[in-house]
file start_23.txt (compact mmCIF, C-alpha atoms)
# COMPACT_ATOMS: atom_id res chain seq x y z
CA ASN A 705 17.47 14.58 -22.71
CA PRO A 706 17.26 10.77 -22.49
CA ALA A 707 18.79 10.90 -19.00
CA HIS A 708 15.58 12.47 -17.70
CA LEU A 709 12.41 10.54 -17.06
CA ASN A 710 9.23 12.60 -16.75
CA GLY A 711 11.25 15.73 -15.98
CA GLY A 712 13.19 16.43 -12.81
CA GLU A 713 16.37 14.82 -11.60
CA LEU A 714 18.93 12.90 -13.58
CA VAL A 715 17.96 9.29 -13.14
CA ARG A 716 21.41 8.01 -14.00
CA THR A 717 22.94 9.85 -11.01
CA VAL A 718 20.16 9.42 -8.44
CA ALA A 719 18.69 6.01 -9.22
CA GLU A 720 21.13 3.63 -10.80
CA PRO A 721 19.62 0.19 -11.44
CA ILE A 722 19.65 -2.17 -8.47
CA SER A 723 19.50 -5.95 -8.31
CA GLN A 724 16.48 -8.04 -7.44
CA SER A 725 17.98 -8.97 -4.09
CA GLN A 726 18.59 -5.32 -3.23
CA TYR A 727 14.99 -4.56 -4.15
CA GLY A 728 13.87 -7.38 -1.89
CA TRP A 729 15.86 -6.14 1.09
CA MET A 730 14.68 -2.55 0.61
CA LEU A 731 11.08 -3.65 0.24
CA GLY A 732 11.42 -5.80 3.35
CA ILE A 733 12.86 -3.03 5.53
CA SER A 734 10.17 -0.61 4.33
CA VAL A 735 7.29 -2.87 5.29
CA VAL A 736 7.22 -3.71 8.99
CA ALA A 737 10.56 -2.63 10.44
CA GLY A 738 9.10 0.60 11.74
CA GLY A 739 6.22 -0.80 13.77
CA ALA A 740 7.28 -4.32 14.77
CA TYR A 741 8.65 -3.26 18.16
CA PHE A 742 5.22 -2.68 19.75
CA TRP A 743 3.65 -5.61 17.94
CA PRO A 744 1.36 -7.50 18.73
CA GLN A 745 -0.28 -5.74 21.71
CA PHE A 746 -3.04 -4.07 19.71
CA LEU A 747 -3.83 -7.28 17.83
CA ILE A 748 -4.15 -9.42 20.98
CA ARG A 749 -6.00 -6.77 22.95
CA TYR A 750 -8.81 -6.36 20.43
CA ALA A 751 -8.90 -9.77 18.71
CA GLY A 752 -7.40 -12.16 21.25
CA THR A 753 -6.04 -15.39 19.80
CA GLN A 754 -8.26 -14.74 16.76
CA GLY A 755 -5.60 -12.21 15.78
CA LEU A 756 -3.97 -14.94 13.73
CA TYR A 757 -6.80 -14.60 11.20
CA SER A 758 -6.28 -10.83 11.05
CA LEU A 759 -2.56 -11.26 10.46
CA ALA A 760 -3.14 -13.75 7.63
CA THR A 761 -5.67 -11.44 6.01
CA VAL A 762 -3.39 -8.41 6.14
CA VAL A 763 -0.43 -10.34 4.72
CA PHE A 764 -2.51 -11.72 1.83
CA LEU A 765 -3.97 -8.28 1.08
CA ALA A 766 -0.53 -6.65 1.19
CA MET A 767 0.93 -9.31 -1.13
CA THR A 768 -1.82 -8.65 -3.66
CA LEU A 769 -1.83 -4.85 -3.57
CA GLN A 770 1.92 -4.36 -3.54
CA ALA A 771 2.54 -6.88 -6.32
CA MET A 772 -0.06 -5.04 -8.41
CA GLU A 773 1.64 -1.73 -7.70
CA ALA A 774 5.12 -3.07 -8.47
CA TRP A 775 3.97 -4.51 -11.81
CA THR A 776 2.25 -1.22 -12.69
CA ALA A 777 5.44 0.79 -12.14
CA TYR A 778 7.53 -1.81 -13.97
CA ALA A 779 5.20 -2.05 -16.97
CA LEU A 780 5.01 1.72 -17.45
CA GLY A 781 8.66 2.43 -16.57
CA THR A 782 7.79 5.37 -14.34
CA PRO A 783 10.66 6.40 -12.02
CA THR A 784 8.61 7.56 -9.01
CA PHE A 785 5.20 7.17 -7.41
CA LEU A 786 4.21 10.67 -8.48
CA ALA A 787 5.30 9.97 -12.05
CA LEU A 788 3.13 6.87 -11.99
CA LEU A 789 0.11 8.95 -10.99
CA GLU A 790 0.91 11.52 -13.70
CA ARG A 791 0.93 8.75 -16.28
CA LEU A 792 -2.49 7.36 -15.32
CA MET A 793 -4.49 10.20 -13.73
CA PRO A 794 -5.71 13.66 -14.69
CA ALA A 795 -3.86 16.53 -13.03
CA ALA A 796 -6.83 17.62 -10.93
CA LEU A 797 -7.13 14.18 -9.35
CA ILE A 798 -3.40 13.96 -8.72
CA MET A 799 -3.52 17.22 -6.75
CA LEU A 800 -5.93 15.46 -4.38
CA VAL A 801 -4.57 11.91 -4.28
CA TYR A 802 -0.83 12.48 -3.95
CA PRO A 803 -0.93 15.01 -1.07
CA VAL A 804 -3.38 12.79 0.84
CA ARG A 805 -1.22 9.67 0.41
CA THR A 806 1.94 11.58 1.32
CA VAL A 807 0.45 13.14 4.44
CA VAL A 808 -0.91 9.76 5.59
CA GLY A 809 2.51 8.20 5.06
CA LEU A 810 4.25 10.96 6.99
CA PHE A 811 1.82 10.55 9.88
CA VAL A 812 2.47 6.80 10.01
CA ASP A 813 6.25 7.31 10.00
CA GLY A 814 6.11 10.18 12.49
CA LEU A 815 3.90 8.29 14.94
CA VAL A 816 5.91 5.08 14.67
CA LEU A 817 9.10 7.05 15.34
CA LEU A 818 7.49 8.85 18.28
CA LEU A 819 6.34 5.58 19.86
CA TYR A 820 9.81 4.12 19.41
CA GLY A 821 11.32 7.10 21.21
CA LEU A 822 8.81 6.64 24.03
CA MET A 823 9.83 2.99 24.36
CA MET A 824 13.50 3.94 24.56
CA GLN A 825 12.68 6.51 27.21
CA SER A 826 10.54 4.08 29.22
CA PHE A 827 13.01 1.19 29.23
CA PHE A 828 16.46 2.72 29.38
CA TYR A 829 16.68 6.51 29.59
CA PRO A 830 13.77 7.95 31.58
CA MET A 831 15.60 11.20 32.31
CA THR A 832 16.55 11.89 28.69
CA PRO A 833 14.21 14.19 26.72
CA LEU A 834 12.17 12.41 24.08
CA TYR A 835 13.30 14.67 21.24
CA VAL A 836 16.90 13.49 21.68
CA PHE A 837 15.99 9.95 20.57
CA VAL A 838 13.71 11.10 17.78
CA ALA A 839 16.13 13.73 16.43
CA ALA A 840 19.12 11.37 16.51
CA ILE A 841 17.30 8.63 14.56
CA LEU A 842 15.94 11.15 12.06
CA ALA A 843 19.38 12.69 11.54
CA ALA A 844 20.87 9.30 10.68
CA ALA A 845 17.95 8.53 8.35
CA VAL A 846 18.28 11.90 6.58
CA TRP A 847 22.03 11.41 6.09
CA LEU A 848 21.33 8.12 4.33
CA ALA A 849 18.20 9.22 2.43
CA VAL A 850 19.92 11.98 0.46
CA ARG A 851 22.28 9.51 -1.17
CA THR A 852 21.72 7.66 -4.42
CA LEU A 853 19.46 4.64 -4.74
CA SER A 854 22.38 2.25 -5.09
CA ALA A 855 24.03 3.66 -1.94
CA VAL A 856 20.84 3.26 0.07
CA ALA A 857 20.35 -0.24 -1.38
CA ARG A 858 23.88 -1.32 -0.43
CA SER A 859 23.42 -0.09 3.14
CA VAL A 860 20.14 -1.94 3.51
CA GLN A 861 21.56 -5.06 1.86
CA PHE A 862 24.44 -5.12 4.35
CA TRP A 863 22.65 -4.28 7.60
CA PHE A 864 19.22 -5.83 7.24
CA PRO A 865 20.44 -9.47 7.08
CA ILE A 866 22.49 -8.83 10.23
CA ILE A 867 19.43 -7.40 11.96
CA LEU A 868 17.34 -10.44 11.01
CA ALA A 869 20.10 -12.84 12.09
CA LEU A 870 20.36 -11.23 15.53
CA LEU A 871 16.59 -11.33 15.87
CA VAL A 872 16.57 -15.05 15.02
CA ILE A 873 19.34 -15.74 17.58
CA ALA A 874 17.48 -13.82 20.29
CA THR A 875 14.28 -15.72 19.46
CA LEU A 876 16.03 -19.08 19.73
CA LEU A 877 17.51 -18.09 23.09
CA SER A 878 14.06 -17.17 24.36
CA MET A 879 12.72 -20.70 23.78
CA GLY A 880 13.53 -21.64 27.37
CA HIS A 881 10.73 -19.32 28.50
CA PHE A 882 8.01 -20.81 26.28
CA ARG A 883 5.03 -21.67 28.46
CA PHE A 884 1.65 -20.79 26.97
CA TYR A 885 1.54 -23.03 23.90
CA ALA A 886 -2.25 -23.21 23.93
CA ALA A 887 -2.39 -19.48 23.21
CA LEU A 888 -1.37 -20.19 19.61
CA ILE A 889 -4.57 -22.14 18.97
CA PRO A 890 -7.18 -19.85 17.36
CA PRO A 891 -10.69 -19.88 18.86
CA ALA A 892 -13.32 -22.26 17.55
CA ARG A 893 -15.74 -19.42 16.77
CA PHE A 894 -14.94 -16.63 14.35
CA TYR A 895 -16.07 -13.07 15.13
CA VAL A 896 -16.22 -10.58 12.27
CA SER A 897 -16.06 -7.31 14.20
CA PRO A 898 -12.68 -7.80 15.98
CA TRP A 899 -11.28 -9.31 12.80
CA LEU A 900 -12.17 -6.24 10.73
CA ASN A 901 -11.08 -3.80 13.44
CA THR A 902 -7.64 -5.34 13.74
CA VAL A 903 -7.12 -5.74 9.99
CA VAL A 904 -7.75 -2.03 9.60
CA GLY A 905 -5.75 -1.14 12.68
CA ILE A 906 -2.50 -2.93 11.75
CA TRP A 907 -2.32 -1.83 8.11
CA TYR A 908 0.20 0.86 9.15
CA LEU A 909 2.80 -1.92 8.96
CA TYR A 910 2.46 -1.86 5.15
CA ASN A 911 2.71 1.88 4.63
CA ASN A 912 5.07 1.78 1.65
CA ALA A 913 3.18 2.63 -1.54
CA ASN A 914 5.77 5.30 -2.37
CA VAL A 915 8.61 2.83 -1.96
CA VAL A 916 7.18 0.05 -4.13
CA ALA A 917 6.24 2.36 -7.00
CA THR A 918 9.63 4.10 -6.89
CA LEU A 919 11.85 1.03 -6.75
CA ALA A 920 10.13 -1.38 -9.14
CA SER A 921 11.13 0.34 -12.38
CA HIS A 922 14.82 0.60 -11.35
CA VAL A 923 15.45 -3.11 -10.84
CA ASN A 924 17.36 -5.33 -13.24
CA TRP A 925 14.58 -7.90 -13.52
CA THR A 926 15.55 -11.23 -15.05
CA ARG A 927 12.01 -11.73 -16.41
CA PRO A 928 8.68 -9.91 -16.03
CA ARG A 929 7.22 -12.61 -13.82
CA SER A 930 9.92 -11.86 -11.23
CA VAL A 931 8.19 -8.57 -10.41
CA TRP A 932 5.24 -10.53 -9.01
CA THR A 933 7.13 -13.40 -7.41
CA THR A 934 9.80 -11.26 -5.73
CA THR A 935 7.35 -8.71 -4.34
CA MET A 936 4.91 -11.32 -3.06
CA GLY A 937 7.74 -13.44 -1.67
CA VAL A 938 9.19 -10.54 0.31
CA ILE A 939 5.80 -9.59 1.76
CA PHE A 940 5.15 -13.22 2.68
CA GLY A 941 8.57 -13.45 4.33
CA GLN A 942 7.88 -10.37 6.41
CA GLY A 943 4.55 -11.90 7.33
CA ILE A 944 6.47 -14.89 8.71
CA VAL A 945 8.56 -12.49 10.83
CA LEU A 946 5.38 -10.94 12.20
CA PHE A 947 3.96 -14.38 12.97
CA ILE A 948 7.15 -15.37 14.81
CA LEU A 949 7.04 -12.23 16.96
CA TYR A 950 3.32 -12.80 17.53
CA GLY A 951 3.91 -16.40 18.55
CA VAL A 952 6.91 -15.69 20.78
CA ALA A 953 5.07 -12.96 22.67
CA LEU A 954 2.07 -15.23 23.23
CA VAL A 955 3.87 -18.38 24.35
CA VAL A 956 6.25 -16.48 26.68
CA LEU A 957 3.92 -13.94 28.28
CA GLY A 958 0.45 -15.29 27.58
CA PRO A 959 -2.41 -13.40 25.89
CA ASP A 960 -3.49 -11.58 29.07
CA ALA A 961 -0.06 -10.07 29.67
CA VAL A 962 0.51 -9.23 26.00
CA SER A 963 -2.77 -7.31 25.82
CA CYS A 964 -1.73 -5.14 28.79
CA LEU A 965 1.90 -4.38 27.88
CA TYR A 966 2.81 -1.57 25.49
CA TRP A 967 6.06 -3.25 24.41
CA PRO A 968 5.57 -7.02 24.83
CA VAL A 969 8.40 -8.14 22.53
CA ALA A 970 10.94 -6.02 24.40
CA TYR A 971 9.83 -7.68 27.65
CA VAL A 972 10.27 -11.10 26.06
CA TYR A 973 13.85 -10.52 25.00
CA GLY A 974 14.61 -8.86 28.32
CA LEU A 975 14.08 -12.27 29.96
CA VAL A 976 16.86 -13.96 27.98
CA ALA A 977 20.14 -14.62 29.77
CA ILE A 978 23.42 -16.26 28.70
CA PRO A 979 25.13 -17.27 31.98
CA ALA A 980 28.23 -18.68 30.26
CA PHE A 981 29.01 -15.20 28.95
CA PHE A 982 27.77 -13.34 32.06
CA PHE A 983 25.12 -11.74 29.91
CA LYS A 984 21.66 -11.10 31.32
CA GLY A 985 18.81 -9.54 29.38
CA LEU A 986 18.86 -9.12 25.62
CA GLY A 987 16.50 -6.16 25.74
CA LEU A 988 19.32 -3.67 25.14
CA VAL A 989 20.66 -5.70 22.20
CA ILE A 990 17.21 -5.83 20.62
CA ILE A 991 16.79 -2.09 21.12
CA LEU A 992 20.07 -1.48 19.29
CA VAL A 993 18.98 -3.83 16.51
CA TRP A 994 15.62 -2.10 16.15
CA THR A 995 17.25 1.33 16.22
CA SER A 996 19.24 0.31 13.16
CA ALA A 997 16.10 -1.07 11.54
CA MET A 998 14.25 2.16 12.32
CA VAL A 999 16.98 4.27 10.68
CA LEU A 1000 16.91 2.13 7.54
CA TYR A 1001 13.09 2.10 7.48
CA LEU A 1002 12.89 5.89 7.64
CA ALA A 1003 15.75 6.34 5.17
CA VAL A 1004 14.03 4.23 2.51
CA HIS A 1005 10.73 6.07 3.02
CA LEU A 1006 12.40 9.48 2.96
CA PHE A 1007 14.32 8.58 -0.19
CA ALA A 1008 11.22 7.48 -2.10
CA THR A 1009 9.03 10.40 -1.02
CA SER A 1010 11.71 13.06 -1.48
CA TRP A 1011 12.56 11.82 -4.96
CA SER A 1012 8.91 11.96 -6.03
CA ILE A 1013 8.68 15.57 -4.87
CA SER A 1014 12.09 16.78 -6.04
CA SER A 1015 11.59 15.24 -9.49
CA GLN A 1016 9.08 18.01 -10.16
CA PHE A 1017 11.91 20.56 -10.08
CA ASN A 1018 14.84 20.86 -12.43
CA PRO A 1019 17.79 22.28 -10.48
CA PRO A 1020 21.42 21.18 -10.81
CA ASP A 1021 21.80 17.51 -10.05
CA GLY A 1022 20.12 16.68 -6.75
CA ALA A 1023 20.35 20.21 -5.34
CA VAL A 1024 16.74 20.27 -4.19
CA ARG A 1025 16.73 16.90 -2.43
CA TRP A 1026 18.43 18.12 0.75
CA PRO A 1027 15.74 20.72 1.57
CA VAL A 1028 12.96 18.30 0.59
CA VAL A 1029 14.32 15.53 2.83
CA LEU A 1030 14.87 17.99 5.68
CA GLY A 1031 11.33 19.30 5.24
CA LEU A 1032 9.84 15.81 5.37
CA ALA A 1033 11.90 14.98 8.46
CA ALA A 1034 10.74 18.21 10.11
CA VAL A 1035 7.12 17.20 9.54
CA MET A 1036 7.76 13.81 11.18
CA LEU A 1037 9.41 15.55 14.13
CA ALA A 1038 6.54 18.01 14.47
CA ILE A 1039 4.00 15.18 14.57
CA GLY A 1040 5.69 13.84 17.70
CA ILE A 1041 5.91 17.24 19.36
CA PHE A 1042 2.15 17.82 19.23
CA MET A 1043 1.15 14.38 20.54
CA PRO A 1044 0.18 14.85 24.21
CA SER A 1045 0.72 11.25 25.36
CA ILE A 1046 1.54 7.69 24.34
CA VAL A 1047 -2.15 6.81 24.53
CA ALA A 1048 -3.03 9.60 22.11
CA ALA A 1049 -0.25 8.55 19.73
CA ARG A 1050 -1.35 4.91 19.62
CA HIS A 1051 -4.98 5.93 19.26
CA MET A 1052 -4.13 8.22 16.36
CA LEU A 1053 -2.06 5.53 14.65
CA VAL A 1054 -4.36 2.51 14.86
CA ASP A 1055 -7.77 4.21 14.90
CA TRP A 1056 -7.29 7.01 12.37
CA VAL A 1057 -4.09 6.96 10.32
CA SER A 1058 -3.92 3.20 9.67
CA PRO A 1059 -7.54 3.03 8.41
CA ALA A 1060 -6.88 6.05 6.20
CA ALA A 1061 -3.81 4.38 4.71
CA LEU A 1062 -5.76 1.20 3.99
CA LEU A 1063 -8.62 3.14 2.42
CA VAL A 1064 -6.28 5.06 0.11
CA ASP A 1065 -4.39 1.93 -0.96
CA VAL A 1066 -7.50 -0.17 -1.61
CA VAL A 1067 -9.20 2.63 -3.58
CA LEU A 1068 -6.08 3.69 -5.48
CA ILE A 1069 -3.92 0.69 -6.39
CA PRO A 1070 -6.39 -1.66 -8.19
CA PRO A 1071 -7.64 1.07 -10.60
CA LEU A 1072 -4.04 2.08 -11.34
CA TRP A 1073 -3.16 -1.54 -12.09
CA LEU A 1074 -6.21 -1.93 -14.34
CA ALA A 1075 -5.42 1.30 -16.23
CA ALA A 1076 -1.80 0.21 -16.71
CA TRP A 1077 -2.88 -3.24 -17.89
CA ILE A 1078 -5.16 -1.64 -20.50
CA GLN A 1079 -2.34 0.65 -21.69
CA VAL A 1080 0.08 -2.26 -21.99
CA ARG A 1081 -2.45 -4.35 -23.94
CA ARG A 1082 -3.04 -1.47 -26.37
CA ARG A 1083 0.69 -0.94 -26.77
CA ASP A 1084 1.31 -4.61 -27.47
CA ARG A 1085 -1.45 -4.68 -30.08
CA LYS A 1086 0.09 -1.71 -31.87
CA VAL A 1087 3.48 -3.44 -31.89
CA VAL A 1088 1.95 -6.58 -33.38
call {"tool": "encode", "arguments": {"input": "start_23.txt", "output": "structure tokens"}}
result
Amino acid sequence: NPAHLNGGELVRTVAEPISQSQYGWMLGISVVAGGAYFWPQFLIRYAGTQGLYSLATVVFLAMTLQAMEAWTAYALGTPTFLALLERLMPAALIMLVYPVRTVVGLFVDGLVLLLYGLMMQSFFYPMTPLYVFVAAILAAAVWLAVRTLSAVARSVQFWFPIILALLVIATLLSMGHFRFYAALIPPARFYVSPWLNTVVGIWYLYNNANVVATLASHVNWTRPRSVWTTTMGVIFGQGIVLFILYGVALVVLGPDAVSCLYWPVAYVYGLVAIPAFFFKGLGLVIILVWTSAMVLYLAVHLFATSWSISSQFNPPDGAVRWPVVLGLAAVMLAIGIFMPSIVAARHMLVDWVSPAALLVDVVLIPPLWLAAWIQVRRRDRKVV
């Protein structure tokens, strides 16, 4: 049946083609939206003002790896990340690689969601059980993730620009509290150890290998070069967002305060007031904005992962996606339940899960790109 790609679900009903702009918005929301709210405490605590070098390194590495992955999926026309592995790897290796990458991704998403719930509880609702926040956000993400690709893309395309606009407005309003401008100047001496530690520790922000490989082959690209330019442009743009949040936190609070606060950006926006409108403290507004971003972030990740898994079955159209999405969400919820404290959750994320994600991506993506490039060259020679 030509409507099937690599077996599994009907592509025409689950993943209609999307535009380049929709791809860009979905890629953007899947990159850093989940972990930006407790940025950049870890970076400043372990690297100080040298963290700027770590941020630049991570952004450049993410631009390279994700552009390579997007081109690989586009060149081979594979509909999902798992289908991409099936095209380029032996079955025995896939049984090792795909579960490891999926589990690492679920841990990143689960821990990021848990830490977000802890922030909500700490700032606004200390008497509300943690699972209420986590379950509510997951329920909204699940409701969106079971829909078609075009439906998810339209939701992200509508809400994400609004989220960014509100974030820009809040940042402009916080300019009256800028004080520590010297904190933006990197140190004269460069130290390798804190640079490497923080590069590895903040890679969780780019935990979206499933998303890139799933979306790239379903985009109406105007020309092949757009796969590279669009992907790298989106990652660079999100890097600018991270730099803005990094800079705002430093110049408002100073590096000493940022390194001691779990949620420095929330403190920054909590200082903003608009007397003309009798409005004091934008912390609640930012929390609402980030809650929306968190829902979209999880929805995009759940969509990509669930489609890879459900494509291995062949039920009536989409019948297996509901239980797969619910199962993935249950795993994320369980990860939060078994974390004893916020310290343990942050330690697990930056010291174990983030390094594992970076290791898998660095070891996996370049060989896949090279294998795909060889296949495409051989195919083109046969055509000639």
call {"tool": "closest_atom_pairs", "arguments": {"input": "start_23.txt", "of": "segment 1002-1075 of chain A", "to": "segment 833-855 of chain A", "cutoff": "10 Å", "atoms": "all atoms listed in the file", "output": "CSV"}}
result
residue,atom,partner,partner_atom,distance
A:Leu1002,CA,A:Ala845,CA,5.8
A:Ala1003,CA,A:Ala845,CA,4.4
A:Val1004,CA,A:Ala849,CA,6.5
A:His1005,CA,A:Ala849,CA,8.1
A:Leu1006,CA,A:Ala849,CA,5.8
A:Phe1007,CA,A:Ala849,CA,4.7
A:Ala1008,CA,A:Ala849,CA,8.5
A:Thr1009,CA,A:Ala849,CA,9.9
A:Ser1010,CA,A:Ala849,CA,8.5
A:Trp1011,CA,A:Val850,CA,9.1
A:Gly1022,CA,A:Val850,CA,8.6
A:Arg1025,CA,A:Val850,CA,6.5
A:Trp1026,CA,A:Val850,CA,6.3
A:Pro1027,CA,A:Val850,CA,9.8
A:Val1028,CA,A:Val850,CA,9.4
A:Val1029,CA,A:Val846,CA,6.6
A:Leu1030,CA,A:Val846,CA,7.0
A:Leu1032,CA,A:Val846,CA,9.4
A:Ala1033,CA,A:Leu842,CA,6.6
A:Ala1034,CA,A:Leu842,CA,9.0
A:Met1036,CA,A:Leu842,CA,8.6
A:Leu1037,CA,A:Val838,CA,7.2
A:Gly1040,CA,A:Tyr835,CA,8.4
A:Ile1041,CA,A:Tyr835,CA,8.0
call {"tool": "residues_near_point", "arguments": {"input": "start_23.txt", "point": "(8.1, 5.7, -0.7)", "cutoff": "12 Å", "atoms": "all atoms listed in the file", "output": "PyMOL selection string"}}
result
chain A and resi 730-731+733-735+783-786+802+805-810+813+849+910-920+1001-1013+1032
call {"tool": "atom_distance", "arguments": {"input": "start_23.txt", "atom1": "atom CA of Val763 of chain A", "atom2": "atom CA of Val999 of chain A"}}
result
23.5 Å
call {"tool": "atom_distance", "arguments": {"input": "start_23.txt", "atom1": "atom CA of Gly941 of chain A", "atom2": "atom CA of Ile722 of chain A"}}
result
20.3 Å
call {"tool": "atom_distance", "arguments": {"input": "start_23.txt", "atom1": "atom CA of Leu789 of chain A", "atom2": "atom CA of Val801 of chain A"}}
result
8.7 Å
call {"tool": "residues_around", "arguments": {"input": "start_23.txt", "residues": "Val952 of chain A", "least_positions_apart": "5", "cutoff": "9 Å", "atoms": "only C-alpha atoms", "output": "PyMOL selection string"}}
result
chain A and resi 875+878-879+882+947+957+969+972
call {"tool": "axis_aligned_box", "arguments": {"input": "start_23.txt", "around": "segment 899-905 of chain A", "padding_each_side": "5 Å", "output": "JSON"}}
result
{"center_x": -9.0, "center_y": -5.2, "center_z": 11.7, "size_x": 16.4, "size_y": 18.2, "size_z": 14.1}
